[in-house]
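Q: Can you keep this structure in mind? I'll have questions shortly.
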Amino acid sequence: MTTFPLPPRRVLFAHFLFLLAALFWGAAVPAWAAQEMFWPFNLFPPPASSLSYTNDATTSVAVPGVGTITSRHVELSTFINPILLPGLSNSAVYNNASTRFDSESSLDGGASWAAYTGSGVTSLTLRHTNDVAGVRRFEMELSSQVIPVNGAYGAATVRESPTLVSRGELVVTATNGGFFYRGFVNAFLEVSVDNGANWFALSPAAYVELSGAAGTPASLSLSKSNTTVTICWRTESGGQYQLQRTGALGGTNWTNVGSPQTGNGSEVCVVETFSAATNRFYRLQLSP
């Protein structure tokens, strides 16, 4: 399992989760320990993340007139417009019309491989099943996917099985400045080489794991010149930031400075003026 270090002055908690094999309709499906990634917001999926292969395990199917198609290195990416994580005992569906699908395919038993790629519709369903001591657990299901792909062996279409459940888990752990995310899905995929007239199930399921670059906790930098102060912070795409100020610490009287700022991955700065005898303290609220 890989953990991502947080910036200096942030506390890093390492969590280890060893997941047992799940049983799907009589077939044992492997589930390995998933890596963690840090993200400062209560949103899914983190925009920089993907659902990616973690080893060279293969999945295959015999297709009449084509031969045995063997596939590996399955990855789903280009997740945009994340959704708010659902509350306990509730569900939420993440829909993305332009999910990128990448894999490698072989027609000669793995002697040579060809890259396949495409983009299309994907849905992920989250069901909030447990919430204990800052650790939230969600059943995560790849509930639908239809993606046309292309590669050296010709065009094909890949979909999520309409009869088997592509299920996994998402675990979100609260920490300083945000959350640790880890998750996986055992994806039951089918392939068509005739524009969807016939479908053939790849076996076993493709194990994909949530991965990506760690997000950055928001931290303020201040610079003062005479009676003005400039407050800056770096944003993450998809988050909302509200700068606040107060004249004394220890109280609850915080005043919003300007309107909420929507993160786009760049730095945001706010300039304030004040009198020489004024004390001001600033903080940044992140939402959601």
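So you can find residues: chains in the structure tokens are A, B, ... in the order shown, residues in each start at 1, and ligands are numbered from 1 in order.
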Residues of stretch 116-149 of chain A that approach stretch 91-108 of chain A to 6 Å or less, counting only C-alpha atoms: could you list each one with the shortest pair of atoms and its distance in Å to one decimal, rows by chain and increasing residue number, as CSV?

A:
```
residue,atom,partner,partner_atom,distance
A:Tyr116,CA,A:Ser103,CA,5.3
A:Thr117,CA,A:Asp102,CA,4.5
A:Gly118,CA,A:Phe101,CA,5.3
A:Ser119,CA,A:Arg100,CA,4.3
A:Gly120,CA,A:Ser98,CA,4.8
A:Val121,CA,A:Ala97,CA,4.2
A:Thr122,CA,A:Asn96,CA,5.4
A:Ser123,CA,A:Asn95,CA,4.5
A:Leu124,CA,A:Tyr94,CA,5.1
A:Thr125,CA,A:Val93,CA,4.4
A:Leu126,CA,A:Ala92,CA,5.3
A:Arg127,CA,A:Ser91,CA,4.4
```

Q: Got a sec: who's within 9 Å of A:Leu222, counting only C-alpha atoms, leaving out chain neighbours fewer than 3 positions off, as a ChimeraX atom specification?

A: /A:229-232

Q: Write out as a list in words which residues come within 12 Å of A:Val271 when counting only C-alpha atoms, dropping same-chain ones fewer than 2 positions away.

A: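 Near A:Val271, the qualifying residues are Ser221, Leu222, Ser223, Lys224, Ser225, Thr227, Thr228, Val229, Thr230, Ile231, Cys232, Leu243, Val257, Gly258, Val268, Cys269, Thr273 and Phe274 of chain A.
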
Q: Produce a file of the selected residues containing N, CA and C atoms, as an mmCIF file, in the first residue's frame.

A:
```cif
data_model
loop_
_atom_site.group_PDB
_atom_site.id
_atom_site.type_symbol
_atom_site.label_atom_id
_atom_site.label_comp_id
_atom_site.auth_asym_id
_atom_site.auth_seq_id
_atom_site.Cartn_x
_atom_site.Cartn_y
_atom_site.Cartn_z
ATOM 1 N N SER A 221 -1.037 32.279 3.096
ATOM 2 C CA SER A 221 0.181 33.080 3.160
ATOM 3 C C SER A 221 -0.229 34.547 3.205
ATOM 4 N N LEU A 222 0.424 35.340 4.072
ATOM 5 C CA LEU A 222 0.072 36.738 4.264
ATOM 6 C C LEU A 222 1.279 37.626 4.023
ATOM 7 N N SER A 223 1.045 38.745 3.378
ATOM 8 C CA SER A 223 2.085 39.766 3.219
ATOM 9 C C SER A 223 1.462 41.125 3.531
ATOM 10 N N LYS A 224 2.188 41.974 4.283
ATOM 11 C CA LYS A 224 1.650 43.247 4.754
ATOM 12 C C LYS A 224 2.458 44.400 4.176
ATOM 13 N N SER A 225 1.742 45.444 3.804
ATOM 14 C CA SER A 225 2.376 46.661 3.317
ATOM 15 C C SER A 225 1.572 47.855 3.818
ATOM 16 N N THR A 227 -0.963 49.771 5.397
ATOM 17 C CA THR A 227 -2.274 49.424 5.959
ATOM 18 C C THR A 227 -3.038 48.442 5.072
ATOM 19 N N THR A 228 -2.337 47.684 4.289
ATOM 20 C CA THR A 228 -2.984 46.631 3.494
ATOM 21 C C THR A 228 -2.317 45.290 3.788
ATOM 22 N N VAL A 229 -3.107 44.247 3.696
ATOM 23 C CA VAL A 229 -2.589 42.893 3.849
ATOM 24 C C VAL A 229 -3.125 42.056 2.686
ATOM 25 N N THR A 230 -2.264 41.236 2.120
ATOM 26 C CA THR A 230 -2.655 40.352 1.024
ATOM 27 C C THR A 230 -2.626 38.913 1.520
ATOM 28 N N ILE A 231 -3.768 38.248 1.408
ATOM 29 C CA ILE A 231 -3.894 36.860 1.861
ATOM 30 C C ILE A 231 -4.071 35.982 0.632
ATOM 31 N N CYS A 232 -3.226 34.960 0.483
ATOM 32 C CA CYS A 232 -3.275 34.085 -0.680
ATOM 33 C C CYS A 232 -3.352 32.621 -0.250
ATOM 34 N N LEU A 243 -12.886 32.869 2.909
ATOM 35 C CA LEU A 243 -11.962 33.521 3.830
ATOM 36 C C LEU A 243 -12.765 34.239 4.910
ATOM 37 N N VAL A 257 -14.981 37.381 4.578
ATOM 38 C CA VAL A 257 -14.276 38.380 3.784
ATOM 39 C C VAL A 257 -14.599 38.109 2.324
ATOM 40 N N GLY A 258 -15.448 38.943 1.737
ATOM 41 C CA GLY A 258 -15.845 38.729 0.358
ATOM 42 C C GLY A 258 -16.757 37.528 0.217
ATOM 43 N N VAL A 268 -5.378 31.986 -5.294
ATOM 44 C CA VAL A 268 -6.328 33.073 -5.118
ATOM 45 C C VAL A 268 -5.776 34.022 -4.060
ATOM 46 N N CYS A 269 -5.889 35.332 -4.303
ATOM 47 C CA CYS A 269 -5.418 36.336 -3.346
ATOM 48 C C CYS A 269 -6.523 37.351 -3.063
ATOM 49 N N THR A 273 -7.703 46.229 3.614
ATOM 50 C CA THR A 273 -7.123 47.417 4.241
ATOM 51 C C THR A 273 -7.563 47.480 5.705
ATOM 52 N N PHE A 274 -6.735 48.085 6.562
ATOM 53 C CA PHE A 274 -7.053 48.166 7.982
ATOM 54 C C PHE A 274 -6.276 49.325 8.588
#
```

Q: To one decimal in Å, tell me the separation between atom CA of A:Gly151 and atom CA of A:Arg167.

A: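 Separating atom CA of A:Gly151 from atom CA of A:Arg167 is a distance of 27.7 Å.
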
Q: Counting only C-alpha atoms, which residues in stretch 205-272 of chain A sit no more than 12 Å from stretch 57-76 of chain A? For each one, give the nearest pair of atoms and the distance in Å, sorted by chain then residue number, as JSON lines.

A:
```
{"residue": "A:Ala205", "atom": "CA", "partner": "A:Thr59", "partner_atom": "CA", "distance": 6.8}
{"residue": "A:Ala206", "atom": "CA", "partner": "A:Thr59", "partner_atom": "CA", "distance": 6.6}
{"residue": "A:Tyr207", "atom": "CA", "partner": "A:Val74", "partner_atom": "CA", "distance": 8.3}
{"residue": "A:Val208", "atom": "CA", "partner": "A:Glu75", "partner_atom": "CA", "distance": 7.0}
{"residue": "A:Glu209", "atom": "CA", "partner": "A:Glu75", "partner_atom": "CA", "distance": 8.9}
{"residue": "A:Leu210", "atom": "CA", "partner": "A:Leu76", "partner_atom": "CA", "distance": 9.5}
{"residue": "A:Ser211", "atom": "CA", "partner": "A:Glu75", "partner_atom": "CA", "distance": 10.2}
{"residue": "A:Gly212", "atom": "CA", "partner": "A:Leu76", "partner_atom": "CA", "distance": 11.6}
```

Q: Calculate how many Å separate atom CA of A:Glu36 from atom CA of A:Arg234, rounding to one decimal.

A: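 Result for atom CA of A:Glu36 versus atom CA of A:Arg234: 22.0 Å, one decimal.
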
Q: Smallest atom-to-atom distance to A:Asn253: which of A:Pro82, A:Ser112, A:Val191, A:Tyr282, using only C-alpha atoms?

A: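 Using only C-alpha atoms, the shortest distance to A:Asn253 belongs to A:Tyr282.
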
Q: Between A:Thr157, A:Asn264, A:Thr252, A:Gln35, which one has atoms that come closest to A:Gly239, using only C-alpha atoms?

A: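 Nearest candidate to A:Gly239 out of A:Thr157, A:Asn264, A:Thr252, A:Gln35: A:Asn264.
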
Q: Would you mind writing down, as a ChimeraX atom specification, each residue of stretch 38-201 of chain A that DSSP on the backbone assigns to strand (DSSP E or B)?

A: /A:38-39,43-44,49-52,59-63,67-77,83-84,91-106,114-132,135-150,156-160,167-175,178-187,189-192,200-201

Q: Enter the distance from atom CA of A:Arg245 to atom CA of A:Arg280, in Å, rounded to one decimal.

A: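 These two atoms are separated by 6.5 Å.
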
Q: Using only C-alpha atoms, which residues sit within 8 Å of A:Arg136 once same-chain residues fewer than 3 positions away are excluded, as a PyMOL selection string?

A: chain A and resi 128-132+171-173

Q: Once you have the residues from the selection above, write them out as a PDB file, in the first residue's frame, restricted to C-alpha atoms.

A:
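Final file, out.pdb:
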```
ATOM      1  CA  HIS A 128     -22.962   4.915   2.720  1.00  0.00           C
ATOM      2  CA  THR A 129     -22.958   1.818   4.931  1.00  0.00           C
ATOM      3  CA  ASN A 130     -20.958   2.726   8.048  1.00  0.00           C
ATOM      4  CA  ASP A 131     -19.676   5.787   9.914  1.00  0.00           C
ATOM      5  CA  VAL A 132     -17.503   5.272  13.004  1.00  0.00           C
ATOM      6  CA  VAL A 171     -13.232   4.271   2.657  1.00  0.00           C
ATOM      7  CA  VAL A 172     -12.947   7.963   3.601  1.00  0.00           C
ATOM      8  CA  THR A 173     -10.998   8.837   6.754  1.00  0.00           C
TER       9      THR A 173
END
```

Q: My list of candidates is A:Leu284, A:Leu170, A:Ala201, A:Leu249. Which is closest to A:Thr235 when distances are computed with only C-alpha atoms?

A: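 Once distances to A:Thr235 are computed over only C-alpha atoms, the minimum belongs to A:Leu284.
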